[in-house]
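Quick look at target09.txt (compact mmCIF, C-alpha atoms and all ligand atoms):
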# COMPACT_ATOMS: atom_id res chain seq x y z
CA VAL U 473 0.00 0.00 0.00
CA GLU U 474 1.35 3.43 -0.96
CA PRO U 475 1.60 5.74 2.03
CA ILE U 476 0.15 9.26 1.80
CA LEU U 477 2.21 12.13 3.27
CA ILE U 478 0.28 13.84 6.05
CA GLY U 479 2.70 16.52 7.23
CA GLY U 480 6.47 16.67 7.53
CA GLU U 481 7.86 13.17 7.35
CA SER U 482 4.61 11.74 8.59
CA GLU U 483 2.87 9.12 6.49
CA LEU U 484 -0.56 7.56 6.44
CA VAL U 485 -1.47 4.11 5.24
CA ILE U 486 -5.08 3.10 4.56
CA GLY U 487 -5.79 -0.49 3.63
CA ARG U 488 -6.80 -3.95 4.78
CA GLY U 489 -4.91 -6.61 6.69
CA LEU U 490 -2.44 -4.09 8.05
CA LEU U 491 -2.10 -5.39 11.61
CA SER U 492 1.38 -6.84 11.14
CA ALA U 493 4.77 -5.55 12.27
CA GLU U 494 5.84 -4.82 8.65
CA ALA U 495 2.69 -2.84 7.86
CA VAL U 496 2.57 -0.92 11.11
CA LEU U 497 6.24 -0.03 11.54
CA PRO U 498 8.62 -0.27 8.59
CA GLU U 499 12.09 -1.15 9.84
CA ARG U 500 14.11 1.67 11.28
CA GLU U 501 17.82 1.84 12.00
CA GLY U 502 18.52 1.62 15.73
CA ARG U 503 15.01 0.74 16.92
CA SER U 504 15.05 -2.19 19.32
CA ALA U 505 11.87 -1.78 21.37
CA VAL U 506 8.26 -0.74 20.82
CA ALA U 507 6.00 0.29 23.69
CA VAL U 508 2.42 -0.38 22.62
CA ILE U 509 -0.29 1.68 24.31
CA ALA U 510 -3.83 0.38 23.85
CA GLN U 511 -7.20 0.93 25.55
CA PRO U 512 -9.86 -1.63 26.54
CA GLY U 513 -11.61 -1.57 23.15
CA SER U 514 -8.36 -2.02 21.23
CA ALA U 515 -6.53 -4.33 23.65
CA MET U 516 -6.90 -7.42 21.44
CA ILE U 517 -5.61 -5.58 18.40
CA GLY U 518 -2.79 -4.16 20.51
CA ARG U 519 -1.72 -7.61 21.69
CA HIS U 520 -1.92 -9.00 18.18
CA VAL U 521 0.36 -6.28 16.81
CA MET U 522 2.72 -6.62 19.79
CA GLU U 523 3.11 -10.36 19.11
CA SER U 524 3.91 -9.64 15.49
CA LEU U 525 6.52 -7.07 16.57
CA VAL U 526 8.09 -9.62 18.91
CA ASP U 527 8.13 -12.21 16.10
CA SER U 528 9.97 -9.66 13.96
CA GLY U 529 12.74 -9.50 16.58
CA LEU U 530 11.79 -6.36 18.51
CA ARG U 531 11.23 -6.10 22.23
CA SER U 532 7.62 -5.11 22.77
CA GLU U 533 5.00 -4.98 25.48
CA VAL U 534 1.42 -3.68 25.63
CA ARG U 535 -0.04 -1.44 28.27
CA VAL U 536 -3.81 -1.11 28.35
CA VAL U 537 -4.68 2.35 29.68
CA ALA U 538 -8.02 3.53 31.06
CA GLU U 539 -11.16 3.79 28.97
CA GLY U 540 -11.86 6.93 26.95
CA ASP U 541 -10.79 10.29 28.30
CA ALA U 542 -9.89 8.75 31.66
CA ALA U 543 -6.62 7.87 29.89
CA LYS U 544 -5.90 11.53 29.14
CA THR U 545 -4.87 12.56 32.67
CA ILE U 546 -1.53 13.57 34.13
CA ASP U 547 -1.70 10.56 36.46
CA SER U 548 -2.21 8.24 33.55
CA ALA U 549 0.68 9.86 31.65
CA LEU U 550 2.87 9.47 34.73
CA GLU U 551 2.12 5.75 34.89
CA VAL U 552 3.05 5.40 31.23
CA TYR U 553 6.33 7.34 31.71
CA LEU U 554 7.30 5.03 34.57
CA TRP U 555 6.43 2.02 32.44
CA LEU U 556 8.62 3.35 29.59
CA ASN U 557 11.45 3.67 32.13
CA ASP U 558 10.96 0.07 33.23
CA LEU U 559 10.97 -1.07 29.62
CA GLY U 560 14.19 0.83 29.04
CA ILE U 561 12.79 2.72 26.07
CA GLY U 562 15.57 4.74 24.42
CA ARG U 563 15.83 7.59 21.94
CA GLN U 564 15.70 5.24 18.93
CA ASP U 565 12.67 3.32 20.18
CA THR U 566 9.01 3.81 19.43
CA VAL U 567 5.75 4.47 21.26
CA LEU U 568 2.90 2.92 19.29
CA GLY U 569 -0.61 4.08 20.19
CA ILE U 570 -3.26 1.59 19.08
CA GLY U 571 -6.80 2.73 19.68
CA GLY U 572 -9.27 5.57 19.42
CA ALA U 573 -8.18 9.17 19.56
CA ALA U 574 -8.15 9.31 23.37
CA CYS U 575 -5.51 6.60 23.29
CA THR U 576 -3.50 8.19 20.46
CA ASP U 577 -3.73 11.63 22.17
CA LEU U 578 -2.12 10.12 25.28
CA ALA U 579 0.43 8.02 23.37
CA GLY U 580 1.40 11.01 21.25
CA PHE U 581 1.76 13.28 24.25
CA VAL U 582 3.93 10.84 26.14
CA ALA U 583 6.06 10.09 23.05
CA SER U 584 6.59 13.77 22.32
CA THR U 585 7.83 14.48 25.85
CA TYR U 586 9.61 11.32 27.03
CA LEU U 587 13.39 11.77 26.58
CA ARG U 588 12.43 15.07 24.87
CA GLY U 589 10.68 13.11 22.19
CA VAL U 590 10.79 9.56 20.85
CA GLU U 591 9.12 8.27 17.70
CA ALA U 592 5.32 8.00 17.88
CA ALA U 593 3.17 5.95 15.53
CA TYR U 594 -0.54 5.18 15.65
CA VAL U 595 -2.96 2.52 14.56
CA ALA U 596 -6.32 4.33 14.52
CA THR U 597 -8.98 1.80 15.53
CA THR U 598 -12.05 4.05 15.67
CA LEU U 599 -13.52 5.91 12.70
CA LEU U 600 -13.21 9.18 14.60
CA ALA U 601 -9.50 8.62 15.17
CA ALA U 602 -9.06 7.60 11.52
CA VAL U 603 -10.73 10.67 10.00
CA ASP U 604 -9.82 13.22 12.64
CA GLY U 605 -8.08 12.59 15.97
CA ALA U 606 -5.05 10.57 14.86
CA ILE U 607 -4.28 12.98 12.00
CA GLY U 608 -2.79 16.42 12.36
CA GLY U 609 -0.19 16.17 15.10
CA LYS U 610 -2.07 17.54 18.09
CA THR U 611 -1.50 15.51 21.25
CA ALA U 612 -3.42 16.13 24.45
CA LEU U 613 -4.17 15.54 28.09
CA ASN U 614 -7.13 17.05 29.93
CA LEU U 615 -6.84 19.35 32.94
CA GLU U 616 -10.25 20.39 34.26
CA GLY U 617 -10.99 21.57 30.73
CA LYS U 618 -10.44 19.24 27.77
CA ASN U 619 -7.10 19.18 25.95
CA LEU U 620 -5.55 21.97 28.03
CA ILE U 621 -2.16 20.24 27.99
CA GLY U 622 -0.56 19.09 24.78
CA THR U 623 2.04 19.32 22.09
CA PHE U 624 2.10 19.75 18.33
CA ARG U 625 4.03 16.83 16.86
CA HIS U 626 3.22 14.55 13.97
CA PRO U 627 3.52 10.81 14.51
CA SER U 628 5.87 9.20 12.01
CA ARG U 629 3.10 6.97 10.74
CA VAL U 630 -0.65 6.47 11.04
CA VAL U 631 -2.14 3.15 10.00
CA ILE U 632 -5.84 2.72 9.25
CA ASP U 633 -7.02 -0.84 8.77
CA LEU U 634 -10.44 -0.79 7.09
CA ASP U 635 -11.17 -4.34 8.30
CA VAL U 636 -11.05 -2.95 11.85
CA LEU U 637 -13.31 0.00 10.99
CA ASP U 638 -15.82 -2.29 9.22
CA ARG U 639 -16.43 -4.12 12.49
CA LEU U 640 -17.04 -1.05 14.67
CA PRO U 641 -20.22 -0.93 16.76
CA ASP U 642 -22.89 1.51 15.56
CA HIS U 643 -22.23 4.27 18.07
CA LEU U 644 -18.55 4.44 17.11
CA ARG U 645 -19.48 4.52 13.43
CA SER U 646 -21.84 7.43 14.18
CA ASP U 647 -19.17 9.46 15.95
CA GLY U 648 -16.81 9.03 13.01
CA LEU U 649 -19.49 9.75 10.41
CA SER U 650 -20.28 13.02 12.17
CA GLU U 651 -16.65 14.15 11.78
CA ALA U 652 -16.54 12.84 8.20
CA ALA U 653 -19.66 14.89 7.41
CA LYS U 654 -17.97 17.89 9.02
CA ALA U 655 -14.91 17.40 6.81
CA GLY U 656 -17.15 17.31 3.74
CA LEU U 657 -19.12 20.37 4.81
CA ILE U 658 -16.03 22.51 5.36
CA GLY U 659 -13.91 21.21 2.53
CA ASP U 660 -15.25 18.58 0.14
CA PRO U 661 -18.69 18.84 -1.54
CA GLU U 662 -18.07 15.47 -3.24
CA LEU U 663 -17.72 13.80 0.18
CA VAL U 664 -21.05 15.38 1.15
CA ARG U 665 -22.66 13.87 -1.97
CA LEU U 666 -21.20 10.45 -1.19
CA LEU U 667 -22.65 10.56 2.31
CA GLU U 668 -25.99 11.78 0.95
CA ASP U 669 -26.14 8.98 -1.61
CA HIS U 670 -25.03 6.07 0.56
CA LYS U 671 -25.84 7.26 4.07
CA ARG U 672 -24.50 4.89 6.73
CA ASP U 673 -23.49 2.37 4.08
CA ALA U 674 -21.11 4.83 2.45
CA PRO U 675 -17.91 3.06 1.35
CA LEU U 676 -15.50 3.53 4.25
CA GLU U 677 -12.37 3.58 2.16
CA GLU U 678 -13.44 6.59 0.12
CA ILE U 679 -14.99 8.33 3.12
CA VAL U 680 -11.79 7.96 5.14
CA GLU U 681 -9.54 9.00 2.24
CA ARG U 682 -11.59 12.11 1.51
CA ALA U 683 -12.04 13.17 5.13
CA VAL U 684 -8.33 12.67 5.80
CA ALA U 685 -7.48 14.75 2.72
CA VAL U 686 -9.54 17.66 4.07
CA LYS U 687 -7.84 17.48 7.44
CA VAL U 688 -4.35 17.14 5.95
CA LEU U 689 -4.91 20.16 3.70
CA VAL U 690 -6.17 22.36 6.51
CA VAL U 691 -3.40 21.26 8.88
CA SER U 692 -0.69 21.72 6.25
CA GLU U 693 -1.78 25.34 5.83
CA ASP U 694 -1.98 26.04 9.55
CA PHE U 695 -0.27 23.51 11.82
CA ARG U 696 -0.46 25.59 15.00
CA GLU U 697 -4.06 26.73 14.64
CA GLU U 698 -3.46 30.40 14.01
CA GLY U 699 -5.99 30.56 11.18
CA VAL U 700 -7.76 28.08 8.91
CA ARG U 701 -7.25 25.10 11.24
CA ALA U 702 -10.12 26.55 13.24
CA PHE U 703 -12.46 25.45 10.41
CA LEU U 704 -12.17 21.92 11.83
CA ASN U 705 -14.19 23.21 14.77
CA TYR U 706 -17.33 23.55 12.66
CA GLY U 707 -20.25 22.50 14.87
CA HIS U 708 -17.99 22.18 17.90
CA THR U 709 -18.71 25.46 19.72
CA VAL U 710 -22.32 24.52 20.39
CA GLY U 711 -21.45 20.80 20.18
CA HIS U 712 -18.96 20.86 23.05
CA ALA U 713 -21.43 22.73 25.25
CA ILE U 714 -24.15 20.15 24.50
CA GLU U 715 -21.74 17.26 25.03
CA ALA U 716 -20.70 18.63 28.43
CA SER U 717 -24.26 19.22 29.65
CA THR U 718 -25.91 15.99 28.44
CA THR U 719 -25.01 12.32 28.09
CA MET U 720 -24.88 12.73 24.32
CA SER U 721 -21.93 11.33 22.42
CA HIS U 722 -19.44 13.68 20.78
CA GLY U 723 -20.70 12.86 17.30
CA ALA U 724 -24.37 13.43 18.13
CA ALA U 725 -23.57 16.67 19.96
CA VAL U 726 -21.48 17.93 17.04
CA ALA U 727 -24.29 17.03 14.62
CA ILE U 728 -26.63 19.29 16.60
CA GLY U 729 -23.87 21.90 16.82
CA MET U 730 -23.53 21.85 13.03
CA THR U 731 -27.30 22.18 12.68
CA VAL U 732 -27.27 25.31 14.85
CA ALA U 733 -24.20 26.67 13.02
CA ALA U 734 -25.95 26.14 9.66
CA GLU U 735 -28.97 28.17 10.83
CA ILE U 736 -26.65 30.97 11.92
CA SER U 737 -24.79 30.68 8.61
CA ALA U 738 -28.08 31.08 6.73
CA LYS U 739 -28.82 34.26 8.65
CA LEU U 740 -25.37 35.88 8.61
CA GLU U 741 -23.69 34.47 5.52
CA GLY U 742 -26.57 33.71 3.17
CA PHE U 743 -25.87 29.96 3.41
CA ARG U 744 -28.59 28.26 1.35
CA ASP U 745 -27.98 24.63 2.27
CA ALA U 746 -29.01 24.52 5.94
CA GLY U 747 -31.96 22.28 5.04
CA ARG U 748 -29.80 20.09 2.86
CA GLN U 749 -27.24 19.75 5.66
CA ARG U 750 -29.96 18.82 8.12
CA ALA U 751 -31.24 16.12 5.76
CA LEU U 752 -27.68 14.83 5.36
CA LEU U 753 -27.12 14.52 9.11
CA ASP U 754 -30.57 13.05 9.61
CA GLY U 755 -29.94 10.54 6.83
CA LEU U 756 -26.77 9.47 8.61
CA GLY U 757 -28.84 8.85 11.73
CA LEU U 758 -27.00 11.55 13.65
CA LEU U 759 -29.94 13.73 14.67
CA PRO U 760 -31.96 12.02 17.39
CA ALA U 761 -35.74 12.04 16.91
CA ALA U 762 -36.39 12.56 20.59
CA MET U 763 -33.67 14.68 22.07
CA PRO U 764 -32.82 14.36 25.77
CA ALA U 765 -33.70 17.57 27.59
CA ILE U 766 -30.97 20.15 27.19
CA ASP U 767 -30.74 22.97 29.68
CA ARG U 768 -30.38 25.97 27.41
CA ALA U 769 -29.04 28.24 30.13
CA GLU U 770 -26.32 25.69 30.86
CA VAL U 771 -25.43 25.39 27.19
CA ARG U 772 -25.20 29.18 26.93
CA ARG U 773 -22.96 29.34 30.00
CA LEU U 774 -20.64 26.64 28.66
CA MET U 775 -20.47 28.35 25.28
CA GLY U 776 -19.38 31.49 27.06
CA MET U 777 -16.33 29.55 28.25
CA ASP U 778 -15.43 28.37 24.76
CA LYS U 779 -11.70 28.54 24.00
CA LYS U 780 -12.41 30.47 20.81
CA ARG U 781 -14.12 33.30 22.62
CA ASP U 782 -12.39 36.69 22.69
CA ASP U 783 -13.45 40.09 24.03
CA ARG U 784 -15.67 40.75 21.00
CA GLY U 785 -17.75 37.69 21.81
CA LEU U 786 -18.06 34.17 20.59
CA ARG U 787 -16.24 33.19 17.41
CA MET U 788 -17.88 30.47 15.38
CA VAL U 789 -17.16 28.65 12.16
CA LEU U 790 -19.93 29.37 9.66
CA LEU U 791 -20.50 28.28 6.07
CA ARG U 792 -21.01 30.55 3.09
CA GLU U 793 -21.49 27.46 0.98
CA ILE U 794 -20.75 23.79 1.41
CA GLY U 795 -16.96 23.69 1.23
CA ASP U 796 -16.55 27.41 1.97
CA PRO U 797 -16.18 28.12 5.72
CA VAL U 798 -15.45 31.38 7.53
CA VAL U 799 -14.86 32.33 11.18
CA ARG U 800 -17.18 35.06 12.45
CA HIS U 801 -18.10 36.79 15.67
CA VAL U 802 -21.61 35.80 16.64
CA ASP U 803 -23.66 37.57 19.30
CA ASN U 804 -25.78 35.76 21.86
CA ALA U 805 -29.12 36.83 20.36
CA THR U 806 -28.20 35.19 17.06
CA VAL U 807 -27.24 31.95 18.78
CA GLU U 808 -30.51 32.01 20.75
CA ALA U 809 -32.52 32.53 17.58
CA ALA U 810 -30.79 29.57 15.97
CA PHE U 811 -31.65 27.43 18.98
CA ASP U 812 -35.28 28.45 18.47
CA VAL U 813 -35.21 26.93 15.01
CA LEU U 814 -34.60 23.63 16.74
CA LYS U 815 -37.44 24.21 19.19
CA GLY U 816 -39.21 21.04 20.15
CA ALA U 817 -35.98 19.22 19.55
CA LEU U 818 -33.89 21.29 21.93
CA ALA U 819 -35.72 21.69 25.21
N1 LIG U 901 -5.81 15.21 18.59
C1 LIG U 901 -6.83 15.64 17.88
O1 LIG U 901 -6.65 16.39 16.90
C2 LIG U 901 -8.22 15.21 18.22
C3 LIG U 901 -9.26 15.49 17.34
C4 LIG U 901 -10.53 15.02 17.66
C5 LIG U 901 -10.74 14.35 18.84
N2 LIG U 901 -9.70 14.12 19.68
C6 LIG U 901 -9.90 13.38 20.93
O2 LIG U 901 -10.36 12.08 20.58
C7 LIG U 901 -11.06 11.51 21.67
C8 LIG U 901 -12.27 10.82 21.10
O3 LIG U 901 -11.84 9.87 20.16
P1 LIG U 901 -12.55 8.46 20.00
O4 LIG U 901 -13.96 8.66 19.67
O5 LIG U 901 -11.71 7.65 19.09
O6 LIG U 901 -12.57 7.97 21.49
P2 LIG U 901 -11.85 6.87 22.37
O7 LIG U 901 -10.40 6.79 22.10
O8 LIG U 901 -12.28 7.16 23.75
O9 LIG U 901 -12.52 5.51 21.84
C9 LIG U 901 -13.90 5.33 21.95
C10 LIG U 901 -14.22 3.93 22.45
O10 LIG U 901 -13.89 2.99 21.45
C11 LIG U 901 -13.24 1.87 22.02
N3 LIG U 901 -12.54 1.24 20.91
C12 LIG U 901 -11.38 1.59 20.33
N4 LIG U 901 -11.13 0.84 19.24
C13 LIG U 901 -12.17 -0.01 19.13
C14 LIG U 901 -12.51 -1.03 18.20
N5 LIG U 901 -11.73 -1.30 17.13
N6 LIG U 901 -13.67 -1.73 18.38
C15 LIG U 901 -14.47 -1.44 19.43
N7 LIG U 901 -14.21 -0.49 20.33
C16 LIG U 901 -13.07 0.23 20.17
C17 LIG U 901 -12.45 2.47 23.13
O11 LIG U 901 -12.08 1.51 24.10
C18 LIG U 901 -13.44 3.50 23.67
O12 LIG U 901 -14.36 2.88 24.52
C19 LIG U 901 -11.34 12.64 22.63
O13 LIG U 901 -10.48 12.53 23.73
C20 LIG U 901 -10.98 13.89 21.83
O14 LIG U 901 -10.52 14.95 22.64
C21 LIG U 901 -8.45 14.52 19.39
ZN ZN U 902 -14.97 16.46 17.03

Kindly present the structure from the file in structure tokens form.
Amino acid sequence: VEPILIGGESELVIGRGLLSAEAVLPEREGRSAVAVIAQPGSAMIGRHVMESLVDSGLRSEVRVVAEGDAAKTIDSALEVYLWLNDLGIGRQDTVLGIGGAACTDLAGFVASTYLRGVEAAYVATTLLAAVDGAIGGKTALNLEGKNLIGTFRHPSRVVIDLDVLDRLPDHLRSDGLSEAAKAGLIGDPELVRLLEDHKRDAPLEEIVERAVAVKVLVVSEDFREEGVRAFLNYGHTVGHAIEASTTMSHGAAVAIGMTVAAEISAKLEGFRDAGRQRALLDGLGLLPAAMPAIDRAEVRRLMGMDKKRDDRGLRMVLLREIGDPVVRHVDNATVEAAFDVLKGALA
């Protein structure tokens, strides 16, 4: 499989049957050990790859970290550092994160700081990690707020095995499809059409390739998020607030966030496809028919704490057209009015 360059020396491989030592980590001069970091949902895959690495003559062990964002804590990072010490990981060795994006965020953070930086590589085992979290070189731990600690550093390699993604449970497919739809909406009208035509049965290979291409392009123009990288936050200002105040998944919350952002886009930017976008997200099964009650005051308060707020108010990503995003200041009244459009759905 031909790797795709995804920033600096970093390469991405998308294919099937890639869970072997050769596919995951091409030989590298001086590497003698690989520390594999997995999470509960990827532990079997992690062990399988570790065994293949051992068969290829490398020293390798797996550590299964906590579930989800519980892995992205300073305590969890500390445990991993101590484990790397025990393993005797050196400058030429590799930290291999195998899992969803919470796992790769932790693995990437630890790799970028241990010994002032050792090689990191990822096997993205959720659709969200494949189309978004494992790409782009942001690593992160949480500290009260999400992702408040982190580094910018590309992994040397990201591997996406479509056989793994084909077997994902529905809720993990939904979270990834929400980010794939986002990628299409901000940067690839053809990806939007694919998702409209095939809905949840959309061919994963093409979806992943196209969504990755959008992310790679945006990140290559703005690695440190000083400008266009912010477009990747489409739907996330309102989405994060909903996610934090309900039990909704990230993908479902972002789908509602994008629906609100599209209404605001229609009002402020003349966006004509708000209805089309809503049909797209609904067709993907991302907009719940009966929404759990959302405390609007709480959502407003949380939005007020958004990282992208400045003294002129909230800054949101809006669409002029599908594939043509902008960042604009949006006042509270406009956000409230957009919420009203979703009345009945949003309590
Ligand atoms: N670094 C970035 O640029 C970036 C971008 C977006 C999101 N993120 C981060 O990504 C995280 C969310 O990513 P995620 O949705 O991948 O979450 P996750 O890593 O928490 O994984 C979700 C769940 O899937 C399970 N799992 C993993 N692989 C599986 C498989 N093959 N089959 C079945 N279950 C499997 C995990 O155990 C977990 O329960 C958040 O922490 C978010 O902050 C980072
Ligand atoms: Zn997201």

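Proximity to range 549-557 of chain U at 10 Å, evaluated using only C-alpha atoms and with sequence-adjacent residues fewer than 2 positions away removed, yields Val506, Ala507, Ile509, Glu533, Arg535, Val536, Val537, Ala543, Lys544, Thr545, Ile546, Asp547, Leu559, Gly560, Ile561, Gly562, Val567, Leu578, Ala579, Phe581, Val582, Ala583, Thr585, Tyr586, Leu587 and Leu613 of chain U.
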
Set out as JSON lines a contact list for chain U and ligand ZN 902 (chain U) with a cut-off of 9 Å, giving each residue of chain U that qualifies its closest atom pair and distance in Å to one decimal, counting all atoms listed in the file, ordered by chain and rising residue number.
{"residue": "U:Leu600", "atom": "CA", "partner": "U:ZN902", "partner_atom": "ZN", "distance": 7.9}
{"residue": "U:Asp604", "atom": "CA", "partner": "U:ZN902", "partner_atom": "ZN", "distance": 7.5}
{"residue": "U:Gly605", "atom": "CA", "partner": "U:ZN902", "partner_atom": "ZN", "distance": 8.0}
{"residue": "U:Asp647", "atom": "CA", "partner": "U:ZN902", "partner_atom": "ZN", "distance": 8.2}
{"residue": "U:Gly648", "atom": "CA", "partner": "U:ZN902", "partner_atom": "ZN", "distance": 8.6}
{"residue": "U:Ser650", "atom": "CA", "partner": "U:ZN902", "partner_atom": "ZN", "distance": 8.0}
{"residue": "U:Glu651", "atom": "CA", "partner": "U:ZN902", "partner_atom": "ZN", "distance": 6.0}
{"residue": "U:Lys654", "atom": "CA", "partner": "U:ZN902", "partner_atom": "ZN", "distance": 8.7}
{"residue": "U:Leu704", "atom": "CA", "partner": "U:ZN902", "partner_atom": "ZN", "distance": 8.0}
{"residue": "U:Asn705", "atom": "CA", "partner": "U:ZN902", "partner_atom": "ZN", "distance": 7.2}
{"residue": "U:Tyr706", "atom": "CA", "partner": "U:ZN902", "partner_atom": "ZN", "distance": 8.7}
{"residue": "U:Gly707", "atom": "CA", "partner": "U:ZN902", "partner_atom": "ZN", "distance": 8.3}
{"residue": "U:His708", "atom": "CA", "partner": "U:ZN902", "partner_atom": "ZN", "distance": 6.5}
{"residue": "U:Gly711", "atom": "CA", "partner": "U:ZN902", "partner_atom": "ZN", "distance": 8.4}
{"residue": "U:His712", "atom": "CA", "partner": "U:ZN902", "partner_atom": "ZN", "distance": 8.5}
{"residue": "U:His722", "atom": "CA", "partner": "U:ZN902", "partner_atom": "ZN", "distance": 6.5}
{"residue": "U:Gly723", "atom": "CA", "partner": "U:ZN902", "partner_atom": "ZN", "distance": 6.8}
{"residue": "U:Val726", "atom": "CA", "partner": "U:ZN902", "partner_atom": "ZN", "distance": 6.7}

List as number ranges by chain the protein and nucleic acid residues near Arg645 in chain U, meaning an atom at most 10 Å away when all atoms listed in the file are counted, but skip any in the same chain fewer than 4 places from it.
U: 598-600, 637-641, 649-650, 672, 723

Output C-alpha atoms of each residue in that selection to a file, as a PDB file, in the frame of the given file.
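Wrote part_15.pdb, looks like this:
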ATOM      1  CA  THR U 598     -12.050   4.050  15.670  1.00  0.00           C
ATOM      2  CA  LEU U 599     -13.520   5.910  12.700  1.00  0.00           C
ATOM      3  CA  LEU U 600     -13.210   9.180  14.600  1.00  0.00           C
ATOM      4  CA  LEU U 637     -13.310   0.000  10.990  1.00  0.00           C
ATOM      5  CA  ASP U 638     -15.820  -2.290   9.220  1.00  0.00           C
ATOM      6  CA  ARG U 639     -16.430  -4.120  12.490  1.00  0.00           C
ATOM      7  CA  LEU U 640     -17.040  -1.050  14.670  1.00  0.00           C
ATOM      8  CA  PRO U 641     -20.220  -0.930  16.760  1.00  0.00           C
ATOM      9  CA  LEU U 649     -19.490   9.750  10.410  1.00  0.00           C
ATOM     10  CA  SER U 650     -20.280  13.020  12.170  1.00  0.00           C
ATOM     11  CA  ARG U 672     -24.500   4.890   6.730  1.00  0.00           C
ATOM     12  CA  GLY U 723     -20.700  12.860  17.300  1.00  0.00           C
TER      13      GLY U 723
END

7 Å shell around ligand LIG 901 (chain U) using all atoms listed in the file, listed as an MDAnalysis selection string:
chainID U and resid 511:514 539:541 571:575 577 597:601 604:612 618:619 636:637 639:641 644 647

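With only C-alpha atoms as the atoms that count, the residue of U:Leu774, U:Ile794, U:Ala810, U:Leu663 with the shortest distance to Thr731 in chain U is U:Ala810.
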
May I ask which of the residues U:Ala685, U:Leu756, U:Val631, U:Leu615 is the closest one to Glu474 in chain U, counting all atoms listed in the file?
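Selected residue with least distance to Glu474 in chain U: U:Val631.
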
Taking all listed atoms of range 620-634 of chain U, build the axis-aligned box, pad each of the six sides by 5 Å, then write its centre and edge lengths in Å to one decimal as JSON.
{"center_x": -2.3, "center_y": 10.6, "center_z": 17.6, "size_x": 26.3, "size_y": 32.8, "size_z": 30.9}
